[in-house]
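Coordinates as given in model_29.pdb (PDB, C-alpha atoms):
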ATOM      1  CA  MET A 173     131.366  73.204  19.979  1.00  0.00           C
ATOM      2  CA  GLY A 174     131.095  72.225  23.641  1.00  0.00           C
ATOM      3  CA  LEU A 175     127.744  70.586  23.026  1.00  0.00           C
ATOM      4  CA  ILE A 176     129.179  68.494  20.224  1.00  0.00           C
ATOM      5  CA  LEU A 177     132.063  67.375  22.463  1.00  0.00           C
ATOM      6  CA  LEU A 178     129.661  66.440  25.280  1.00  0.00           C
ATOM      7  CA  TYR A 179     127.425  64.557  22.854  1.00  0.00           C
ATOM      8  CA  GLY A 180     130.461  62.665  21.472  1.00  0.00           C
ATOM      9  CA  LEU A 181     131.626  61.675  24.971  1.00  0.00           C
ATOM     10  CA  TRP A 182     128.110  60.628  25.936  1.00  0.00           C
ATOM     11  CA  THR A 183     127.821  58.304  22.919  1.00  0.00           C
ATOM     12  CA  LEU A 184     131.210  56.709  23.651  1.00  0.00           C
ATOM     13  CA  ARG A 185     130.369  55.750  27.217  1.00  0.00           C
ATOM     14  CA  ALA A 186     129.829  52.054  28.022  1.00  0.00           C
ATOM     15  CA  PRO A 187     126.284  50.956  27.303  1.00  0.00           C
ATOM     16  CA  GLN A 188     124.239  50.220  30.382  1.00  0.00           C
ATOM     17  CA  ARG A 189     122.492  46.886  30.555  1.00  0.00           C
ATOM     18  CA  PRO A 190     118.940  46.831  31.725  1.00  0.00           C
ATOM     19  CA  SER A 191     118.637  45.795  35.339  1.00  0.00           C
ATOM     20  CA  ALA A 192     117.239  42.320  35.951  1.00  0.00           C
ATOM     21  CA  GLY A 193     116.252  43.295  39.470  1.00  0.00           C
ATOM     22  CA  PRO A 194     118.094  42.716  42.700  1.00  0.00           C
ATOM     23  CA  VAL A 195     120.812  40.090  42.725  1.00  0.00           C
ATOM     24  CA  ALA A 196     120.624  37.464  45.453  1.00  0.00           C
ATOM     25  CA  ALA A 197     123.602  37.524  47.788  1.00  0.00           C
ATOM     26  CA  SER A 198     124.284  33.810  47.236  1.00  0.00           C
ATOM     27  CA  THR A 199     125.061  34.373  43.559  1.00  0.00           C
ATOM     28  CA  VAL A 200     127.660  37.046  44.227  1.00  0.00           C
ATOM     29  CA  ALA A 201     131.241  35.832  43.945  1.00  0.00           C
ATOM     30  CA  PRO A 202     133.272  36.002  47.160  1.00  0.00           C
ATOM     31  CA  THR A 203     135.407  39.082  47.518  1.00  0.00           C
ATOM     32  CA  SER A 204     138.230  37.354  49.361  1.00  0.00           C
ATOM     33  CA  LEU A 205     139.745  33.921  49.690  1.00  0.00           C
ATOM     34  CA  THR A 206     139.208  31.857  52.794  1.00  0.00           C
ATOM     35  CA  ALA A 207     141.352  28.993  54.061  1.00  0.00           C
ATOM     36  CA  GLU A 208     138.674  26.494  53.035  1.00  0.00           C
ATOM     37  CA  MET A 209     139.059  27.547  49.404  1.00  0.00           C
ATOM     38  CA  ILE A 210     142.784  26.831  49.151  1.00  0.00           C
ATOM     39  CA  PRO A 211     144.039  23.241  48.818  1.00  0.00           C
ATOM     40  CA  LEU A 212     147.110  22.318  50.809  1.00  0.00           C
ATOM     41  CA  VAL A 213     148.589  20.193  48.021  1.00  0.00           C
ATOM     42  CA  SER A 214     147.549  18.903  44.620  1.00  0.00           C
ATOM     43  CA  GLY A 215     149.501  15.659  44.572  1.00  0.00           C
ATOM     44  CA  ASP A 216     151.751  16.779  41.740  1.00  0.00           C
ATOM     45  CA  GLU A 217     154.439  17.671  44.292  1.00  0.00           C
ATOM     46  CA  PRO A 218     157.166  15.237  45.410  1.00  0.00           C
ATOM     47  CA  VAL A 219     156.096  13.211  48.463  1.00  0.00           C
ATOM     48  CA  VAL A 220     158.415  15.118  50.832  1.00  0.00           C
ATOM     49  CA  GLU A 221     156.794  18.376  49.745  1.00  0.00           C
ATOM     50  CA  ILE A 222     153.305  16.901  50.155  1.00  0.00           C
ATOM     51  CA  PHE A 223     154.018  15.970  53.776  1.00  0.00           C
ATOM     52  CA  THR A 224     155.706  19.293  54.477  1.00  0.00           C
ATOM     53  CA  LYS A 225     153.039  21.508  52.910  1.00  0.00           C
ATOM     54  CA  ALA A 226     150.282  19.501  54.577  1.00  0.00           C
ATOM     55  CA  GLY A 227     151.954  20.083  57.944  1.00  0.00           C
ATOM     56  CA  CYS A 228     152.281  16.401  58.873  1.00  0.00           C
ATOM     57  CA  PRO A 229     155.812  16.786  60.344  1.00  0.00           C
ATOM     58  CA  VAL A 230     154.483  19.166  62.999  1.00  0.00           C
ATOM     59  CA  CYS A 231     152.613  16.355  64.760  1.00  0.00           C
ATOM     60  CA  HIS A 232     154.163  13.106  63.495  1.00  0.00           C
ATOM     61  CA  VAL A 233     157.503  11.371  63.249  1.00  0.00           C
ATOM     62  CA  ILE A 234     157.782  10.299  59.621  1.00  0.00           C
ATOM     63  CA  PRO A 235     160.862   8.357  58.529  1.00  0.00           C
ATOM     64  CA  GLY A 236     162.601   9.958  55.566  1.00  0.00           C
ATOM     65  CA  ILE A 237     160.829  13.308  55.890  1.00  0.00           C
ATOM     66  CA  PRO A 238     163.179  16.092  57.065  1.00  0.00           C
ATOM     67  CA  GLY A 239     161.997  17.795  60.250  1.00  0.00           C
ATOM     68  CA  ALA A 240     159.221  15.254  60.893  1.00  0.00           C
ATOM     69  CA  ASN A 241     159.815  14.947  64.629  1.00  0.00           C
ATOM     70  CA  GLY A 242     156.350  15.747  65.964  1.00  0.00           C
ATOM     71  CA  GLN A 243     155.163  14.285  69.239  1.00  0.00           C
ATOM     72  CA  VAL A 244     151.419  15.048  69.151  1.00  0.00           C
ATOM     73  CA  GLY A 245     150.385  12.136  66.924  1.00  0.00           C
ATOM     74  CA  PRO A 246     151.725   8.615  66.542  1.00  0.00           C
ATOM     75  CA  ALA A 247     154.829   7.845  64.525  1.00  0.00           C
ATOM     76  CA  LEU A 248     153.865   7.088  60.946  1.00  0.00           C
ATOM     77  CA  THR A 249     155.714   3.808  60.559  1.00  0.00           C
ATOM     78  CA  LEU A 250     152.719   2.018  59.098  1.00  0.00           C
ATOM     79  CA  GLY A 251     154.872  -0.696  57.535  1.00  0.00           C
ATOM     80  CA  VAL A 252     155.185  -1.940  61.138  1.00  0.00           C
ATOM     81  CA  THR A 253     152.107  -0.617  62.913  1.00  0.00           C
ATOM     82  CA  GLY A 254     149.496  -0.641  60.150  1.00  0.00           C
ATOM     83  CA  GLY A 255     148.705  -4.356  60.420  1.00  0.00           C
ATOM     84  CA  GLN A 256     148.666  -4.130  64.213  1.00  0.00           C
ATOM     85  CA  ARG A 257     146.150  -1.298  64.087  1.00  0.00           C
ATOM     86  CA  LEU A 258     143.892  -3.133  61.658  1.00  0.00           C
ATOM     87  CA  ALA A 259     143.954  -6.156  64.001  1.00  0.00           C
ATOM     88  CA  ASP A 260     143.313  -4.061  67.142  1.00  0.00           C
ATOM     89  CA  PRO A 261     139.996  -5.160  68.704  1.00  0.00           C
ATOM     90  CA  SER A 262     138.999  -1.504  69.119  1.00  0.00           C
ATOM     91  CA  TYR A 263     139.436  -0.787  65.395  1.00  0.00           C
ATOM     92  CA  ARG A 264     135.990  -0.169  63.861  1.00  0.00           C
ATOM     93  CA  GLY A 265     136.947   1.152  60.453  1.00  0.00           C
ATOM     94  CA  ARG A 266     136.383  -0.360  57.028  1.00  0.00           C
ATOM     95  CA  ALA A 267     139.938  -0.565  55.749  1.00  0.00           C
ATOM     96  CA  ALA A 268     141.145  -4.004  54.685  1.00  0.00           C
ATOM     97  CA  THR A 269     144.730  -3.005  53.865  1.00  0.00           C
ATOM     98  CA  VAL A 270     147.313  -0.716  55.390  1.00  0.00           C
ATOM     99  CA  HIS A 271     147.018   1.528  52.314  1.00  0.00           C
ATOM    100  CA  GLU A 272     143.258   1.876  52.892  1.00  0.00           C
ATOM    101  CA  TYR A 273     143.869   2.429  56.607  1.00  0.00           C
ATOM    102  CA  VAL A 274     146.168   5.383  55.882  1.00  0.00           C
ATOM    103  CA  VAL A 275     143.587   6.998  53.610  1.00  0.00           C
ATOM    104  CA  GLU A 276     140.824   6.344  56.155  1.00  0.00           C
ATOM    105  CA  SER A 277     142.949   7.829  58.944  1.00  0.00           C
ATOM    106  CA  VAL A 278     143.333  11.074  57.021  1.00  0.00           C
ATOM    107  CA  VAL A 279     139.770  11.314  55.708  1.00  0.00           C
ATOM    108  CA  ALA A 280     138.034  10.146  58.906  1.00  0.00           C
ATOM    109  CA  PRO A 281     140.594  10.329  61.725  1.00  0.00           C
ATOM    110  CA  SER A 282     138.091   9.699  64.506  1.00  0.00           C
ATOM    111  CA  VAL A 283     137.283   6.187  63.190  1.00  0.00           C
ATOM    112  CA  PHE A 284     140.320   4.864  65.071  1.00  0.00           C
ATOM    113  CA  VAL A 285     142.498   6.825  67.446  1.00  0.00           C
ATOM    114  CA  VAL A 286     145.745   5.082  68.279  1.00  0.00           C
ATOM    115  CA  PRO A 287     145.713   4.151  71.984  1.00  0.00           C
ATOM    116  CA  GLY A 288     147.728   6.597  74.057  1.00  0.00           C
ATOM    117  CA  TYR A 289     146.981   9.592  71.840  1.00  0.00           C
ATOM    118  CA  PRO A 290     144.288  12.209  72.429  1.00  0.00           C
ATOM    119  CA  GLU A 291     141.048  12.074  70.465  1.00  0.00           C
ATOM    120  CA  ARG A 292     140.043  14.914  68.140  1.00  0.00           C
ATOM    121  CA  THR A 293     143.618  16.054  67.600  1.00  0.00           C
ATOM    122  CA  MET A 294     143.860  15.172  63.904  1.00  0.00           C
ATOM    123  CA  PRO A 295     141.738  17.712  62.011  1.00  0.00           C
ATOM    124  CA  GLU A 296     138.624  16.227  60.386  1.00  0.00           C
ATOM    125  CA  TRP A 297     138.992  18.573  57.384  1.00  0.00           C
ATOM    126  CA  TYR A 298     142.366  17.221  56.243  1.00  0.00           C
ATOM    127  CA  GLY A 299     140.869  14.836  53.737  1.00  0.00           C
ATOM    128  CA  ALA A 300     139.039  17.678  52.032  1.00  0.00           C
ATOM    129  CA  LYS A 301     142.247  19.712  51.734  1.00  0.00           C
ATOM    130  CA  LEU A 302     144.237  17.001  49.942  1.00  0.00           C
ATOM    131  CA  SER A 303     143.662  15.760  46.434  1.00  0.00           C
ATOM    132  CA  ALA A 304     143.061  12.075  45.757  1.00  0.00           C
ATOM    133  CA  LEU A 305     146.514  11.922  44.166  1.00  0.00           C
ATOM    134  CA  ALA A 306     148.121  13.432  47.272  1.00  0.00           C
ATOM    135  CA  LEU A 307     146.307  10.913  49.496  1.00  0.00           C
ATOM    136  CA  GLU A 308     147.452   8.059  47.284  1.00  0.00           C
ATOM    137  CA  LYS A 309     151.067   9.259  47.446  1.00  0.00           C
ATOM    138  CA  ILE A 310     150.868   9.632  51.235  1.00  0.00           C
ATOM    139  CA  ALA A 311     149.353   6.159  51.663  1.00  0.00           C
ATOM    140  CA  GLY A 312     151.814   4.585  49.237  1.00  0.00           C
ATOM    141  CA  TYR A 313     154.714   6.093  51.131  1.00  0.00           C
ATOM    142  CA  LEU A 314     153.518   5.364  54.660  1.00  0.00           C
ATOM    143  CA  GLU A 315     152.432   1.771  54.115  1.00  0.00           C
ATOM    144  CA  HIS A 316     156.089   0.870  53.568  1.00  0.00           C
ATOM    145  CA  GLN A 317     157.688   2.848  56.402  1.00  0.00           C
ATOM    146  CA  THR A 318     159.385   0.709  59.018  1.00  0.00           C
ATOM    147  CA  GLY A 319     161.619   3.401  60.514  1.00  0.00           C
ATOM    148  CA  THR A 320     163.227   3.215  63.895  1.00  0.00           C
ATOM    149  CA  ALA A 321     160.744   5.572  65.549  1.00  0.00           C
ATOM    150  CA  THR A 322     159.202   4.444  68.802  1.00  0.00           C
ATOM    151  CA  VAL A 323     155.758   3.112  68.010  1.00  0.00           C
ATOM    152  CA  PRO A 324     152.782   2.623  70.308  1.00  0.00           C
TER     153      PRO A 324
END

Please express the file's structure as structure tokens.
Amino acid sequence: MGLILLYGLWTLRAPQRPSAGPVAASTVAPTSLTAEMIPLVSGDEPVVEIFTKAGCPVCHVIPGIPGANGQVGPALTLGVTGGQRLADPSYRGRAATVHEYVVESVVAPSVFVVPGYPERTMPEWYGAKLSALALEKIAGYLEHQTGTATVP
């Protein structure tokens, strides 16, 4: 009786697939998430949430965004300063409009660093952590901001 029970259990076990040989480490799925794998925002969020989740208020003053009183980066009143920055003789970017300048500043922040602010402060990876929709919402919002913040 014991042999029959053992035989029954043995036949019910999961079938083993033949081995195809060793598996290369690069084809193995990661076992844990890393920061690079997680987007900051998708763009489906309201604009205030996009700025907040992306951490922009930590470094910038942004009119209309609660808690955006940062002092590390320039005030984001691009409705006033955007045209000035595009006309700055030291500007070497490719943007033709303030909207394009905002996107360029996020995707490639070292193209133009606002005079008076330290270089390499804005993370280069920001553009990769925001969706195209989020970037469009950010640019659309900032190109119209003329707040009362002190601007360089």

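Surrounding stretch 250-263 of chain A within 10 Å are Ile234, Thr269, Val270, His271, Glu272, Tyr273, Val274, Val283, Phe284, Val285, Val286, Pro287, Ala311, Tyr313, Leu314, Glu315, His316, Gln317, Thr318, Gly319, Thr320, Val323 and Pro324 of chain A, with only C-alpha atoms counted and residues fewer than 6 positions along the same chain left out.
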
Task: Residues selected by the PyMOL selection byres ((chain A and resi 217) around 12), written as a PyMOL selection string - done: chain A and resi 212-216+218-226+302-303+305-307+309-310

TODO: Could you tell me how far atom CA of A:Gln243 lies from atom CA of A:Glu291, in Å and to one decimal?
DONE: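 So the answer is 14.3 Å.
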
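For the set A:Val230, A:Ala267, A:Ala240, A:Val278, the residue with the smallest atom-to-atom gap to A:Met294 is A:Val278, counting all atoms listed in the file.
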
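Each of A:Pro211, A:Ala304, A:Pro246, A:Arg292 was compared to A:Cys228 using all atoms listed in the file, and A:Pro246 turns out to be the nearest.
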
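Against this structure, the PyMOL selection byres ((chain A and resi 279) around 7) ends up with Val275, Glu276, Ser277, Val278, Ala280, Pro281, Glu296, Tyr298 and Gly299 of chain A.
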
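For the atom pair formed by atom CA of A:Cys231 and atom CA of A:Arg264, the distance is 23.5 Å, given to one decimal.
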
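Our summary of the geometry notes that atom CA of A:Gly312 is positioned 18.0 Å from atom CA of A:Pro238.
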
Open item on the list: List the spatial neighbours of A:His232 as an MDAnalysis selection string - criterion: any atom at most 10 Å away, all atoms listed in the file, same-chain residues fewer than 3 positions off excluded.
Closed with: chainID A and resid 227:229 235 239:249
